[in-house]
>>> print(open('work-v1.txt').read())   # compact mmCIF, C-alpha atoms and all ligand atoms
# COMPACT_ATOMS: atom_id res chain seq x y z
CA MET J 370 22.10 -22.84 -20.23
CA ALA J 371 18.45 -22.66 -19.21
CA GLU J 372 15.92 -21.53 -21.78
CA VAL J 373 14.73 -17.92 -21.42
CA GLN J 374 10.96 -17.67 -21.06
CA THR J 375 9.25 -14.34 -21.63
CA PHE J 376 6.04 -13.55 -19.75
CA GLU J 377 3.94 -10.64 -21.00
CA ASN J 378 1.09 -8.70 -19.42
CA VAL J 379 2.22 -9.76 -15.96
CA ALA J 380 0.33 -8.25 -13.00
CA CYS J 381 2.33 -6.58 -10.25
CA GLY J 382 1.18 -6.67 -6.64
CA PHE J 383 3.83 -4.54 -4.95
CA CYS J 384 2.70 -0.91 -4.61
CA GLY J 385 -1.08 -1.10 -4.98
CA LEU J 386 -1.30 0.65 -8.33
CA GLY J 387 -2.17 -2.64 -10.00
CA CYS J 388 -0.14 -2.45 -13.24
CA ASP J 389 -0.85 -5.55 -15.34
CA ASP J 390 1.28 -4.97 -18.43
CA LEU J 391 4.76 -5.94 -17.27
CA THR J 392 7.17 -8.02 -19.33
CA LEU J 393 9.41 -10.40 -17.39
CA GLU J 394 12.09 -12.86 -18.38
CA VAL J 395 12.65 -16.09 -16.49
CA GLU J 396 15.84 -18.08 -17.01
CA GLY J 397 16.15 -21.08 -14.72
CA ARG J 398 15.29 -19.59 -11.36
CA ALA J 399 16.40 -16.09 -12.34
CA VAL J 400 13.72 -13.44 -12.91
CA ARG J 401 14.25 -9.98 -14.41
CA ALA J 402 11.98 -7.20 -15.63
CA LYS J 403 12.14 -5.90 -19.19
CA ALA J 404 11.15 -2.44 -20.43
CA GLY J 405 7.38 -1.95 -20.63
CA PRO J 406 5.20 -0.27 -23.25
CA SER J 407 6.52 3.19 -22.36
CA GLY J 408 10.12 2.03 -22.79
CA ALA J 409 10.77 2.45 -19.08
CA ILE J 410 11.09 -0.11 -16.30
CA CYS J 411 9.40 0.63 -13.01
CA PRO J 412 12.33 0.63 -10.54
CA GLU J 413 10.20 -0.81 -7.72
CA ALA J 414 8.96 -3.68 -9.90
CA ALA J 415 12.46 -4.30 -11.29
CA ARG J 416 13.89 -4.50 -7.77
CA LEU J 417 11.15 -6.65 -6.25
CA PHE J 418 10.66 -9.09 -9.15
CA ARG J 419 14.41 -9.64 -9.54
CA ARG J 420 15.65 -13.06 -8.54
CA LEU J 421 19.05 -14.68 -9.08
CA ASP J 422 19.49 -18.28 -10.12
CA THR J 423 20.66 -19.28 -6.66
CA ALA J 424 19.43 -21.58 -3.93
CA GLU J 425 16.89 -20.11 -1.51
CA PRO J 426 17.80 -19.70 2.17
CA VAL J 427 16.46 -22.38 4.49
CA ALA J 428 14.33 -22.24 7.62
CA ARG J 429 16.20 -22.02 10.91
CA VAL J 430 15.78 -21.91 14.67
CA ALA J 431 18.02 -19.52 16.67
CA GLY J 432 20.19 -19.18 13.57
CA GLU J 433 20.71 -22.93 13.23
CA VAL J 434 19.51 -24.81 10.18
CA THR J 435 17.31 -27.67 11.25
CA SER J 436 14.59 -29.90 9.82
CA GLN J 437 11.32 -28.42 8.57
CA ALA J 438 9.46 -30.41 11.21
CA ASP J 439 11.61 -28.92 14.00
CA VAL J 440 11.20 -25.39 12.66
CA TYR J 441 7.41 -25.54 12.61
CA ARG J 442 7.31 -27.38 15.94
CA GLU J 443 9.39 -24.65 17.58
CA ALA J 444 7.31 -21.86 16.03
CA HIS J 445 4.15 -23.58 17.26
CA ARG J 446 5.62 -24.03 20.74
CA ILE J 447 6.52 -20.32 20.98
CA LEU J 448 3.12 -19.14 19.78
CA ALA J 449 1.17 -21.60 21.93
CA GLY J 450 3.03 -20.27 24.99
CA ALA J 451 2.46 -16.60 24.15
CA THR J 452 0.25 -14.48 26.40
CA ALA J 453 0.22 -11.36 24.20
CA PRO J 454 1.22 -12.09 20.60
CA VAL J 455 1.33 -9.53 17.81
CA ILE J 456 0.91 -10.59 14.18
CA ALA J 457 2.33 -7.76 12.10
CA GLY J 458 4.03 -6.83 8.86
CA PHE J 459 1.13 -8.65 7.17
CA GLY J 460 2.67 -8.29 3.71
CA THR J 461 0.82 -11.17 2.09
CA ASP J 462 -1.84 -12.07 -0.46
CA MET J 463 -5.48 -12.79 0.39
CA ALA J 464 -4.90 -16.50 1.11
CA GLY J 465 -2.05 -15.66 3.49
CA ALA J 466 -4.12 -12.98 5.19
CA GLY J 467 -6.97 -15.45 5.71
CA ALA J 468 -4.59 -17.99 7.24
CA LEU J 469 -3.18 -15.32 9.59
CA VAL J 470 -6.67 -14.39 10.77
CA ASP J 471 -7.30 -18.10 11.45
CA LEU J 472 -4.04 -18.16 13.40
CA ALA J 473 -5.15 -15.18 15.50
CA ILE J 474 -8.54 -16.78 16.17
CA ARG J 475 -6.74 -19.87 17.46
CA PHE J 476 -3.84 -18.30 19.39
CA GLY J 477 -5.03 -14.72 19.93
CA GLY J 478 -3.11 -11.62 18.92
CA VAL J 479 -3.08 -8.07 17.68
CA LEU J 480 -3.31 -7.77 13.87
CA ASP J 481 -1.60 -4.89 12.05
CA HIS J 482 0.10 -4.13 8.71
CA HIS J 483 3.47 -2.39 8.41
CA ALA J 484 2.00 0.40 6.25
CA SER J 485 -1.16 1.10 8.24
CA GLN J 486 -0.21 4.58 9.46
CA GLY J 487 -1.53 6.30 6.32
CA LEU J 488 -4.70 4.21 6.38
CA PHE J 489 -5.50 5.31 9.92
CA ARG J 490 -4.72 8.96 9.21
CA ASN J 491 -7.32 8.75 6.45
CA TYR J 492 -9.75 6.89 8.72
CA ALA J 493 -9.52 9.78 11.20
CA ALA J 494 -11.09 11.99 8.54
CA VAL J 495 -13.50 9.55 6.97
CA GLN J 496 -14.93 8.51 10.34
CA ARG J 497 -15.76 12.15 11.16
CA THR J 498 -17.26 13.27 7.87
CA GLY J 499 -17.32 10.43 5.32
CA TRP J 500 -15.89 11.13 1.88
CA LEU J 501 -16.66 10.96 -1.81
CA SER J 502 -13.85 8.78 -3.13
CA THR J 503 -13.20 8.00 -6.75
CA THR J 504 -11.49 5.16 -8.61
CA LEU J 505 -8.46 4.84 -10.86
CA ALA J 506 -10.73 4.35 -13.88
CA GLU J 507 -12.64 7.55 -13.06
CA VAL J 508 -9.41 9.52 -12.71
CA ARG J 509 -8.11 8.14 -16.02
CA ASN J 510 -11.24 8.85 -17.98
CA HIS J 511 -12.94 11.83 -16.35
CA CYS J 512 -10.55 13.94 -14.29
CA ASP J 513 -9.75 17.29 -15.90
CA LEU J 514 -8.19 18.97 -12.83
CA LEU J 515 -6.06 17.01 -10.39
CA VAL J 516 -4.67 18.50 -7.16
CA VAL J 517 -1.66 16.55 -5.87
CA VAL J 518 -0.99 17.33 -2.20
CA GLY J 519 2.53 16.95 -0.78
CA ASP J 520 5.66 15.46 -2.30
CA ASP J 521 5.71 13.98 -5.79
CA PRO J 522 3.99 10.58 -5.38
CA THR J 523 6.00 8.93 -8.18
CA ALA J 524 8.72 8.29 -5.58
CA ASN J 525 6.42 5.57 -4.19
CA TRP J 526 4.09 4.86 -7.12
CA SER J 527 6.51 5.06 -9.97
CA ARG J 528 3.98 4.86 -12.83
CA LEU J 529 1.19 6.85 -11.16
CA PHE J 530 0.81 9.59 -13.76
CA GLU J 531 1.25 7.13 -16.61
CA LYS J 532 -1.78 5.28 -15.20
CA PHE J 533 -3.72 8.49 -14.49
CA TYR J 534 -3.20 9.92 -17.97
CA PRO J 535 -3.75 7.45 -20.84
CA ALA J 536 -3.19 8.71 -24.37
CA THR J 537 -6.89 8.42 -25.17
CA PRO J 538 -9.16 8.94 -22.14
CA LEU J 539 -12.80 8.10 -22.69
CA PHE J 540 -14.34 11.39 -21.58
CA ALA J 541 -11.71 13.96 -20.50
CA THR J 542 -10.89 15.08 -24.02
CA GLY J 543 -10.26 18.79 -23.32
CA GLU J 544 -7.36 20.38 -21.45
CA ARG J 545 -6.20 18.30 -18.47
CA ARG J 546 -4.43 20.06 -15.63
CA VAL J 547 -2.41 19.02 -12.57
CA VAL J 548 -1.65 21.35 -9.66
CA PHE J 549 1.09 20.29 -7.23
CA LEU J 550 0.25 21.71 -3.81
CA GLY J 551 3.20 21.93 -1.41
CA GLY J 552 5.51 19.86 -3.62
CA SER J 553 7.16 19.77 -7.03
CA PRO J 554 7.02 17.19 -9.82
CA SER J 555 10.21 15.23 -10.47
CA GLU J 556 11.63 14.81 -13.97
CA LYS J 557 10.00 11.37 -14.08
CA ALA J 558 6.60 12.88 -13.20
CA ARG J 559 7.05 15.59 -15.83
CA ARG J 560 7.82 12.97 -18.47
CA GLN J 561 4.66 11.05 -17.59
CA LEU J 562 2.69 14.30 -17.63
CA GLU J 563 3.73 15.32 -21.12
CA GLY J 564 0.81 17.13 -22.74
CA ILE J 565 -0.80 17.90 -19.36
CA THR J 566 -0.78 21.46 -18.01
CA ILE J 567 1.31 21.51 -14.80
CA SER J 568 1.48 24.23 -12.14
CA GLU J 569 2.72 24.46 -8.57
CA LEU J 570 1.25 26.18 -5.53
CA ALA J 571 3.33 26.76 -2.41
CA GLY J 572 1.96 26.98 1.10
CA ASP J 573 0.86 24.77 3.94
CA PRO J 574 -1.45 22.16 2.34
CA VAL J 575 -3.90 22.14 5.25
CA GLU J 576 -4.35 25.93 5.14
CA VAL J 577 -4.52 26.02 1.36
CA LEU J 578 -7.14 23.24 1.15
CA GLU J 579 -9.20 24.95 3.85
CA ALA J 580 -9.03 28.28 2.05
CA LEU J 581 -9.92 26.65 -1.28
CA ALA J 582 -13.02 25.01 0.23
CA LEU J 583 -14.20 28.41 1.49
CA LEU J 584 -13.46 30.18 -1.80
CA VAL J 585 -15.26 27.47 -3.78
CA SER J 586 -18.28 28.07 -1.52
CA GLY J 587 -18.13 31.82 -2.22
CA ARG J 588 -16.69 32.75 1.18
CA THR J 589 -13.49 34.56 2.13
CA PRO J 590 -10.94 32.58 4.13
CA PRO J 591 -10.02 34.27 7.44
CA VAL J 592 -6.34 33.48 6.87
CA ALA J 593 -6.43 35.88 3.95
CA ALA J 594 -6.03 38.75 6.41
CA SER J 595 -2.70 37.38 7.62
CA GLY J 596 -1.25 37.55 4.12
CA SER J 597 0.34 34.13 4.58
CA LEU J 598 -1.38 32.68 1.53
CA PRO J 599 -1.22 33.82 -2.10
CA LEU J 600 -4.90 34.79 -2.20
CA ALA J 601 -4.97 35.76 -5.88
CA GLU J 602 -3.52 32.38 -6.91
CA LEU J 603 -5.92 30.60 -4.58
CA ALA J 604 -8.91 32.49 -5.98
CA ALA J 605 -7.85 31.54 -9.51
CA LEU J 606 -7.48 27.89 -8.56
CA ALA J 607 -10.83 27.92 -6.76
CA GLU J 608 -12.42 29.33 -9.92
CA ALA J 609 -10.73 26.63 -12.03
CA LEU J 610 -11.99 23.95 -9.65
CA ARG J 611 -15.53 25.31 -9.85
CA ALA J 612 -15.28 25.35 -13.64
CA SER J 613 -13.88 21.81 -13.86
CA LYS J 614 -16.10 18.91 -14.89
CA TYR J 615 -14.39 16.38 -12.62
CA ALA J 616 -11.79 17.49 -10.08
CA VAL J 617 -9.80 15.04 -7.96
CA VAL J 618 -7.64 15.61 -4.88
CA THR J 619 -4.96 13.03 -4.11
CA TRP J 620 -2.44 12.69 -1.27
CA ASN J 621 -0.29 10.14 0.54
CA ALA J 622 -1.34 10.33 4.20
CA GLY J 623 1.49 8.00 5.22
CA ALA J 624 4.08 10.58 4.14
CA LEU J 625 2.37 13.67 5.59
CA ASP J 626 2.80 14.43 9.30
CA ASP J 627 -0.62 16.06 9.31
CA GLY J 628 -2.10 13.50 6.90
CA ASP J 629 -5.29 13.27 8.94
CA LEU J 630 -5.88 17.03 8.56
CA VAL J 631 -5.02 16.92 4.86
CA ALA J 632 -7.56 14.11 4.42
CA GLU J 633 -10.21 16.09 6.29
CA ARG J 634 -9.62 19.35 4.40
CA ALA J 635 -9.42 17.58 1.02
CA THR J 636 -12.71 15.89 1.81
CA ALA J 637 -14.30 19.25 2.72
CA LEU J 638 -13.07 20.76 -0.55
CA VAL J 639 -14.52 17.88 -2.56
CA ASP J 640 -17.81 18.18 -0.67
CA ALA J 641 -17.95 21.90 -1.51
CA LEU J 642 -17.24 21.20 -5.19
CA ASN J 643 -19.94 18.56 -5.44
CA VAL J 644 -22.61 21.20 -4.81
CA THR J 645 -22.15 22.45 -8.37
CA THR J 646 -19.91 19.96 -10.22
CA ARG J 647 -18.35 16.49 -9.79
CA ALA J 648 -15.26 15.80 -7.69
CA GLY J 649 -13.69 13.03 -5.64
CA VAL J 650 -10.78 12.17 -3.39
CA PHE J 651 -8.19 9.57 -4.37
CA PRO J 652 -6.14 8.68 -1.26
CA LEU J 653 -2.86 6.98 -2.18
CA GLY J 654 -1.83 3.75 -0.46
CA GLY J 655 -2.08 0.04 -1.08
CA VAL J 656 1.50 -1.18 -0.66
CA ASP J 657 1.90 -4.92 0.02
CA ASN J 658 -1.85 -5.60 -0.30
CA ILE J 659 -2.76 -3.50 2.74
CA VAL J 660 -6.14 -2.69 1.16
CA GLY J 661 -6.97 -6.38 0.63
CA VAL J 662 -5.77 -7.38 4.10
CA ASN J 663 -7.84 -4.60 5.68
CA GLN J 664 -10.94 -5.65 3.74
CA LEU J 665 -10.45 -9.27 4.74
CA LEU J 666 -10.37 -8.28 8.42
CA LEU J 667 -13.56 -6.28 7.95
CA TRP J 668 -15.27 -9.29 6.33
CA ARG J 669 -14.01 -11.80 8.88
CA LEU J 670 -13.94 -9.84 12.14
CA GLY J 671 -16.05 -6.76 11.50
CA TYR J 672 -13.07 -4.55 12.36
CA PRO J 673 -10.18 -3.16 10.28
CA LEU J 674 -6.46 -3.61 10.97
CA ARG J 675 -5.18 -2.73 14.46
CA THR J 676 -7.57 -5.22 16.02
CA LEU J 677 -6.99 -7.56 18.96
CA VAL J 678 -8.40 -11.08 18.69
CA ARG J 679 -8.77 -12.87 22.02
CA GLY J 680 -10.98 -15.81 22.94
CA GLN J 681 -14.22 -15.57 21.03
CA GLY J 682 -14.07 -11.80 20.73
CA SER J 683 -12.16 -9.03 19.04
CA ALA J 684 -11.65 -5.35 19.84
CA HIS J 685 -10.39 -2.52 17.68
CA ASP J 686 -8.32 0.48 18.73
CA GLY J 687 -6.48 2.45 16.03
CA THR J 688 -3.89 3.74 18.51
CA LEU J 689 -3.50 0.99 21.12
CA TYR J 690 -3.22 -1.79 18.56
CA SER J 691 -0.75 -0.21 16.19
CA THR J 692 2.32 -2.47 15.89
CA GLN J 693 4.53 -0.01 17.72
CA ALA J 694 2.14 0.43 20.66
CA ALA J 695 1.11 -3.23 20.87
CA LEU J 696 4.73 -4.44 20.99
CA ARG J 697 5.24 -2.58 24.29
CA ASP J 698 3.07 -5.21 26.02
CA ALA J 699 3.73 -8.18 23.72
CA ASP J 700 5.80 -11.28 24.35
CA VAL J 701 5.79 -12.78 20.83
CA LEU J 702 5.92 -11.14 17.39
CA VAL J 703 4.89 -13.07 14.28
CA TRP J 704 6.36 -10.96 11.47
CA VAL J 705 5.14 -11.55 7.91
CA SER J 706 6.65 -9.90 4.83
CA ALA J 707 6.39 -11.88 1.60
CA PHE J 708 6.49 -9.04 -0.95
CA ARG J 709 9.71 -7.35 0.10
CA PRO J 710 12.69 -7.95 2.44
CA GLU J 711 11.23 -5.79 5.20
CA PRO J 712 12.83 -6.75 8.54
CA PRO J 713 10.82 -6.79 11.77
CA PRO J 714 11.01 -3.81 14.12
CA ASP J 715 13.22 -3.92 17.22
CA PHE J 716 11.56 -6.15 19.79
CA SER J 717 12.91 -7.81 22.93
CA GLY J 718 10.44 -10.74 22.95
CA LYS J 719 10.38 -13.86 20.79
CA VAL J 720 10.19 -13.35 17.03
CA ILE J 721 8.87 -15.77 14.41
CA ALA J 722 9.62 -14.35 10.96
CA LEU J 723 7.81 -15.51 7.83
CA ALA J 724 10.21 -13.58 5.70
CA HIS J 725 11.14 -12.71 2.13
CA PRO J 726 14.31 -14.70 1.37
CA ASP J 727 16.47 -11.57 0.95
CA THR J 728 15.61 -10.16 4.39
CA ILE J 729 18.59 -8.94 6.38
CA PHE J 730 17.93 -9.14 10.12
CA GLN J 731 19.63 -6.85 12.63
CA THR J 732 19.01 -9.55 15.22
CA GLU J 733 18.43 -13.16 14.19
CA PRO J 734 14.79 -14.05 15.01
CA ASP J 735 14.03 -17.12 17.15
CA VAL J 736 12.49 -18.79 14.11
CA VAL J 737 12.95 -17.81 10.45
CA ILE J 738 10.74 -19.37 7.77
CA PRO J 739 11.59 -17.99 4.30
CA VAL J 740 8.41 -17.70 2.23
CA GLY J 741 7.72 -17.32 -1.48
CA THR J 742 6.43 -14.12 -3.07
CA PRO J 743 2.91 -13.94 -4.54
CA GLY J 744 3.22 -13.23 -8.25
CA VAL J 745 6.73 -14.73 -8.42
CA ASP J 746 6.74 -18.11 -6.69
CA HIS J 747 3.04 -18.83 -6.45
CA ALA J 748 -0.31 -17.51 -7.61
CA GLY J 749 -2.35 -15.25 -5.36
CA THR J 750 -4.78 -12.36 -5.20
CA VAL J 751 -4.20 -8.79 -4.05
CA PHE J 752 -6.32 -5.64 -4.10
CA ARG J 753 -5.62 -2.41 -5.95
CA MET J 754 -5.35 0.76 -3.85
CA ASP J 755 -8.84 1.99 -4.77
CA SER J 756 -10.21 -1.25 -3.26
CA ILE J 757 -12.62 -2.08 -6.09
CA VAL J 758 -10.37 -4.28 -8.22
CA SER J 759 -8.81 -7.55 -7.11
CA LEU J 760 -5.74 -8.52 -9.07
CA PRO J 761 -4.88 -12.16 -9.78
CA LEU J 762 -1.14 -12.79 -9.66
CA GLY J 763 0.43 -15.78 -11.42
CA ALA J 764 3.50 -17.89 -10.64
CA LEU J 765 6.62 -17.29 -12.75
CA ARG J 766 8.64 -20.30 -11.62
CA VAL J 767 8.32 -23.52 -9.64
CA ALA J 768 8.14 -22.65 -5.96
CA THR J 769 10.75 -24.02 -3.60
CA LEU J 770 9.49 -21.96 -0.66
CA PRO J 771 6.05 -22.22 0.95
CA SER J 772 3.47 -19.48 0.53
CA VAL J 773 2.51 -17.57 3.69
CA ALA J 774 -0.78 -19.52 3.75
CA GLU J 775 1.07 -22.86 3.64
CA ALA J 776 3.64 -21.81 6.24
CA VAL J 777 0.95 -20.54 8.62
CA ARG J 778 -1.05 -23.76 8.33
CA ARG J 779 2.03 -25.85 9.12
CA LEU J 780 2.88 -23.54 12.02
CA ALA J 781 -0.63 -23.92 13.42
CA GLU J 782 -0.38 -27.71 13.19
CA GLY J 783 3.02 -27.73 14.90
S1 LIG V 1 4.00 1.25 -10.31
FE1 LIG V 1 3.58 -0.26 -8.69
S2 LIG V 1 2.16 -1.75 -9.60
FE2 LIG V 1 3.11 -0.55 -11.28
S3 LIG V 1 4.89 -1.78 -11.93
FE3 LIG V 1 5.62 -0.30 -10.40
S4 LIG V 1 5.50 -1.38 -8.42
FE4 LIG V 1 4.26 -2.52 -9.88
>>> encode(input="work-v1.txt", output="structure tokens")
Amino acid sequence: MAEVQTFENVACGFCGLGCDDLTLEVEGRAVRAKAGPSGAICPEAARLFRRLDTAEPVARVAGEVTSQADVYREAHRILAGATAPVIAGFGTDMAGAGALVDLAIRFGGVLDHHASQGLFRNYAAVQRTGWLSTTLAEVRNHCDLLVVVGDDPTANWSRLFEKFYPATPLFATGERRVVFLGGSPSEKARRQLEGITISELAGDPVEVLEALALLVSGRTPPVAASGSLPLAELAALAEALRASKYAVVTWNAGALDDGDLVAERATALVDALNVTTRAGVFPLGGVDNIVGVNQLLLWRLGYPLRTLVRGQGSAHDGTLYSTQAALRDADVLVWVSAFRPEPPPDFSGKVIALAHPDTIFQTEPDVVIPVGTPGVDHAGTVFRMDSIVSLPLGALRVATLPSVAEAVRRLAEG
């Protein structure tokens, strides 16, 4: 039997929250998560770190196993012949993202990430008005009143409130309060929020945020006349927000149909609060290093995701160059998902998949290149969702699969 190795204080790059205190066991090629400091295991981390002691799948062309040289040659041939390629999924670390940008500069292509919808809903607001955003450290140590908009975010960020509410914050030593607006906390959220005052407020989040911004500014919201909002509750919350030392509004734009309006109204509320106290927005996101990938595109191309690279130039369009829209005119899709077994979307053109080894494909791609996972098979760097902290990930076992960066370089060489 293989020796069991225990790794402590392991960093996790999956959801963007940037936990760095995980305990993992490695036995041969098997990997499993152990209970963390709170006694609980993050289900997302447990699922995505888990590996069995089995052989990895091999690269293939049209479903047939062939030599590595043939696989990369065929992928190169397909991409070199493409007239409108799309490079999407983009679930990779910073080195992989850099290699994919190089690939686009050489072969052309639209660049997008599978989770970019929320990012662009937030951009719709921030481009109009700007925003005062805060960081995870500020929320942990300063926030005394948090407004959570929409469904309980622990469904996607399992340890969110554990990270937001340490036992001994540096500055927020008085009562700490969380208001769920348009959603309810799950049992898991309630456990993490033990000792924090929780309340819920029903109503359409866009209308409520708009009314709160007016009330905070000493004005009466026009919707009050319709009686559709609980004005007394809103007035009390507005007063609490004004009295807070550091209020924060958080939401997941990717899960809200009107996420762009929520972002805009939350920003307006925070602006109104900052006239007399301190407040910030904390937009949720960051899955599969989307924040790092987006920053890398800004550094390299001067544009965010949803950008077309062609010839010596690039052009950005948040609607036209979304994966879904771009695939309507594309002939080749390069799909990249190293963190999770996310299959490519339906597409009638050629597909080259740089895929997590557990990916189940509805339709076998033209070329499949299984890739290792950053933080499991090889070291890498990802960014936390608040974009100010880069997180180094280590390798837990000897890699038998290439990283995305390695696979892309071999593909480019042909
Ligand atoms: S909450 Fe996110 S970063 Fe933290 S352990 Fe779970 S998946 Fe990893």
>>> residues_around(input="work-v1.txt", residues="J:Tyr690", least_positions_apart="4", cutoff="8 Å", atoms="all atoms listed in the file", output="tab-separated table (two decimals) with C-alpha atoms, in the frame of the given file")
chain	number	residue	atom	x	y	z
J	479	VAL	CA	-3.08	-8.07	17.68
J	480	LEU	CA	-3.31	-7.77	13.87
J	481	ASP	CA	-1.60	-4.89	12.05
J	675	ARG	CA	-5.18	-2.73	14.46
J	676	THR	CA	-7.57	-5.22	16.02
J	677	LEU	CA	-6.99	-7.56	18.96
J	685	HIS	CA	-10.39	-2.52	17.68
J	686	ASP	CA	-8.32	0.48	18.73
J	694	ALA	CA	2.14	0.43	20.66
J	695	ALA	CA	1.11	-3.23	20.87
>>> residues_around(input="work-v1.txt", residues="J:Ala635", least_positions_apart="4", cutoff="7 Å", atoms="all atoms listed in the file", output="PyMOL selection string")
chain J and resi 578+618+631+639
>>> write_last_selection(input="work-v1.txt", atoms="C-alpha atoms", output="short mmCIF file (atom, residue, chain, number, x, y, z; two decimals), in the frame of the given file")
data_model
loop_
_atom_site.label_atom_id
_atom_site.label_comp_id
_atom_site.auth_asym_id
_atom_site.auth_seq_id
_atom_site.Cartn_x
_atom_site.Cartn_y
_atom_site.Cartn_z
CA LEU J 578 -7.14 23.24 1.15
CA VAL J 618 -7.64 15.61 -4.88
CA VAL J 631 -5.02 16.92 4.86
CA VAL J 639 -14.52 17.88 -2.56
#
>>> axis_aligned_box(input="work-v1.txt", around="ligand LIG 1 (chain V)", padding_each_side="4 Å", output="lines of an AutoDock Vina configuration file")
center_x = 3.9
center_y = -0.6
center_z = -10.2
size_x = 11.5
size_y = 11.8
size_z = 11.5
>>> residues_around(input="work-v1.txt", residues="J:Arg420", least_positions_apart="4", cutoff="7 Å", atoms="only C-alpha atoms", output="PyMOL selection string")
chain J and resi 399-401
>>> atom_distance(input="work-v1.txt", atom1="atom CA of J:His482", atom2="atom CA of J:Ala774")
16.2 Å
>>> residues_near_ligand(input="work-v1.txt", ligand="ligand LIG 1 (chain V)", cutoff="12 Å", atoms="all atoms listed in the file", output="PyMOL selection string")
chain J and resi 378-393+402-407+409-418+522-533+653-658+708-709+744+751-754+760+762
>>> write_last_selection(input="work-v1.txt", atoms="C-alpha atoms", output="compact mmCIF listing (two decimals), in the coordinates of the input")
# COMPACT_ATOMS: atom_id res chain seq x y z
CA ASN J 378 1.09 -8.70 -19.42
CA VAL J 379 2.22 -9.76 -15.96
CA ALA J 380 0.33 -8.25 -13.00
CA CYS J 381 2.33 -6.58 -10.25
CA GLY J 382 1.18 -6.67 -6.64
CA PHE J 383 3.83 -4.54 -4.95
CA CYS J 384 2.70 -0.91 -4.61
CA GLY J 385 -1.08 -1.10 -4.98
CA LEU J 386 -1.30 0.65 -8.33
CA GLY J 387 -2.17 -2.64 -10.00
CA CYS J 388 -0.14 -2.45 -13.24
CA ASP J 389 -0.85 -5.55 -15.34
CA ASP J 390 1.28 -4.97 -18.43
CA LEU J 391 4.76 -5.94 -17.27
CA THR J 392 7.17 -8.02 -19.33
CA LEU J 393 9.41 -10.40 -17.39
CA ALA J 402 11.98 -7.20 -15.63
CA LYS J 403 12.14 -5.90 -19.19
CA ALA J 404 11.15 -2.44 -20.43
CA GLY J 405 7.38 -1.95 -20.63
CA PRO J 406 5.20 -0.27 -23.25
CA SER J 407 6.52 3.19 -22.36
CA ALA J 409 10.77 2.45 -19.08
CA ILE J 410 11.09 -0.11 -16.30
CA CYS J 411 9.40 0.63 -13.01
CA PRO J 412 12.33 0.63 -10.54
CA GLU J 413 10.20 -0.81 -7.72
CA ALA J 414 8.96 -3.68 -9.90
CA ALA J 415 12.46 -4.30 -11.29
CA ARG J 416 13.89 -4.50 -7.77
CA LEU J 417 11.15 -6.65 -6.25
CA PHE J 418 10.66 -9.09 -9.15
CA PRO J 522 3.99 10.58 -5.38
CA THR J 523 6.00 8.93 -8.18
CA ALA J 524 8.72 8.29 -5.58
CA ASN J 525 6.42 5.57 -4.19
CA TRP J 526 4.09 4.86 -7.12
CA SER J 527 6.51 5.06 -9.97
CA ARG J 528 3.98 4.86 -12.83
CA LEU J 529 1.19 6.85 -11.16
CA PHE J 530 0.81 9.59 -13.76
CA GLU J 531 1.25 7.13 -16.61
CA LYS J 532 -1.78 5.28 -15.20
CA PHE J 533 -3.72 8.49 -14.49
CA LEU J 653 -2.86 6.98 -2.18
CA GLY J 654 -1.83 3.75 -0.46
CA GLY J 655 -2.08 0.04 -1.08
CA VAL J 656 1.50 -1.18 -0.66
CA ASP J 657 1.90 -4.92 0.02
CA ASN J 658 -1.85 -5.60 -0.30
CA PHE J 708 6.49 -9.04 -0.95
CA ARG J 709 9.71 -7.35 0.10
CA GLY J 744 3.22 -13.23 -8.25
CA VAL J 751 -4.20 -8.79 -4.05
CA PHE J 752 -6.32 -5.64 -4.10
CA ARG J 753 -5.62 -2.41 -5.95
CA MET J 754 -5.35 0.76 -3.85
CA LEU J 760 -5.74 -8.52 -9.07
CA LEU J 762 -1.14 -12.79 -9.66
>>> closest_residue(input="work-v1.txt", among="J:Arg442, J:Arg669, J:Arg509, J:Arg546", to="J:Gly682", atoms="only C-alpha atoms")
J:Arg669
>>> atom_distance(input="work-v1.txt", atom1="atom CA of J:Leu665", atom2="atom CA of J:Gln486")
17.9 Å
>>> build_atoms(input="work-v1.txt", residues="stretch 540-546 of chain J", atoms="N, CA and C atoms", output="PDB file, in the frame of the given file")
ATOM      1  N   PHE J 540     -13.461  10.212 -21.671  1.00  0.00           N
ATOM      2  CA  PHE J 540     -14.340  11.390 -21.580  1.00  0.00           C
ATOM      3  C   PHE J 540     -13.584  12.719 -21.429  1.00  0.00           C
ATOM      4  N   ALA J 541     -12.428  12.701 -20.753  1.00  0.00           N
ATOM      5  CA  ALA J 541     -11.710  13.960 -20.500  1.00  0.00           C
ATOM      6  C   ALA J 541     -10.897  14.325 -21.738  1.00  0.00           C
ATOM      7  N   THR J 542     -11.565  14.849 -22.739  1.00  0.00           N
ATOM      8  CA  THR J 542     -10.890  15.080 -24.020  1.00  0.00           C
ATOM      9  C   THR J 542     -10.375  16.507 -24.174  1.00  0.00           C
ATOM     10  N   GLY J 543     -10.757  17.412 -23.246  1.00  0.00           N
ATOM     11  CA  GLY J 543     -10.260  18.790 -23.320  1.00  0.00           C
ATOM     12  C   GLY J 543      -8.932  18.923 -22.586  1.00  0.00           C
ATOM     13  N   GLU J 544      -8.611  20.148 -22.183  1.00  0.00           N
ATOM     14  CA  GLU J 544      -7.360  20.380 -21.450  1.00  0.00           C
ATOM     15  C   GLU J 544      -7.406  19.622 -20.121  1.00  0.00           C
ATOM     16  N   ARG J 545      -6.306  18.982 -19.768  1.00  0.00           N
ATOM     17  CA  ARG J 545      -6.200  18.300 -18.470  1.00  0.00           C
ATOM     18  C   ARG J 545      -5.088  18.993 -17.699  1.00  0.00           C
ATOM     19  N   ARG J 546      -5.337  19.214 -16.410  1.00  0.00           N
ATOM     20  CA  ARG J 546      -4.430  20.060 -15.630  1.00  0.00           C
ATOM     21  C   ARG J 546      -4.093  19.384 -14.319  1.00  0.00           C
TER      22      ARG J 546
END
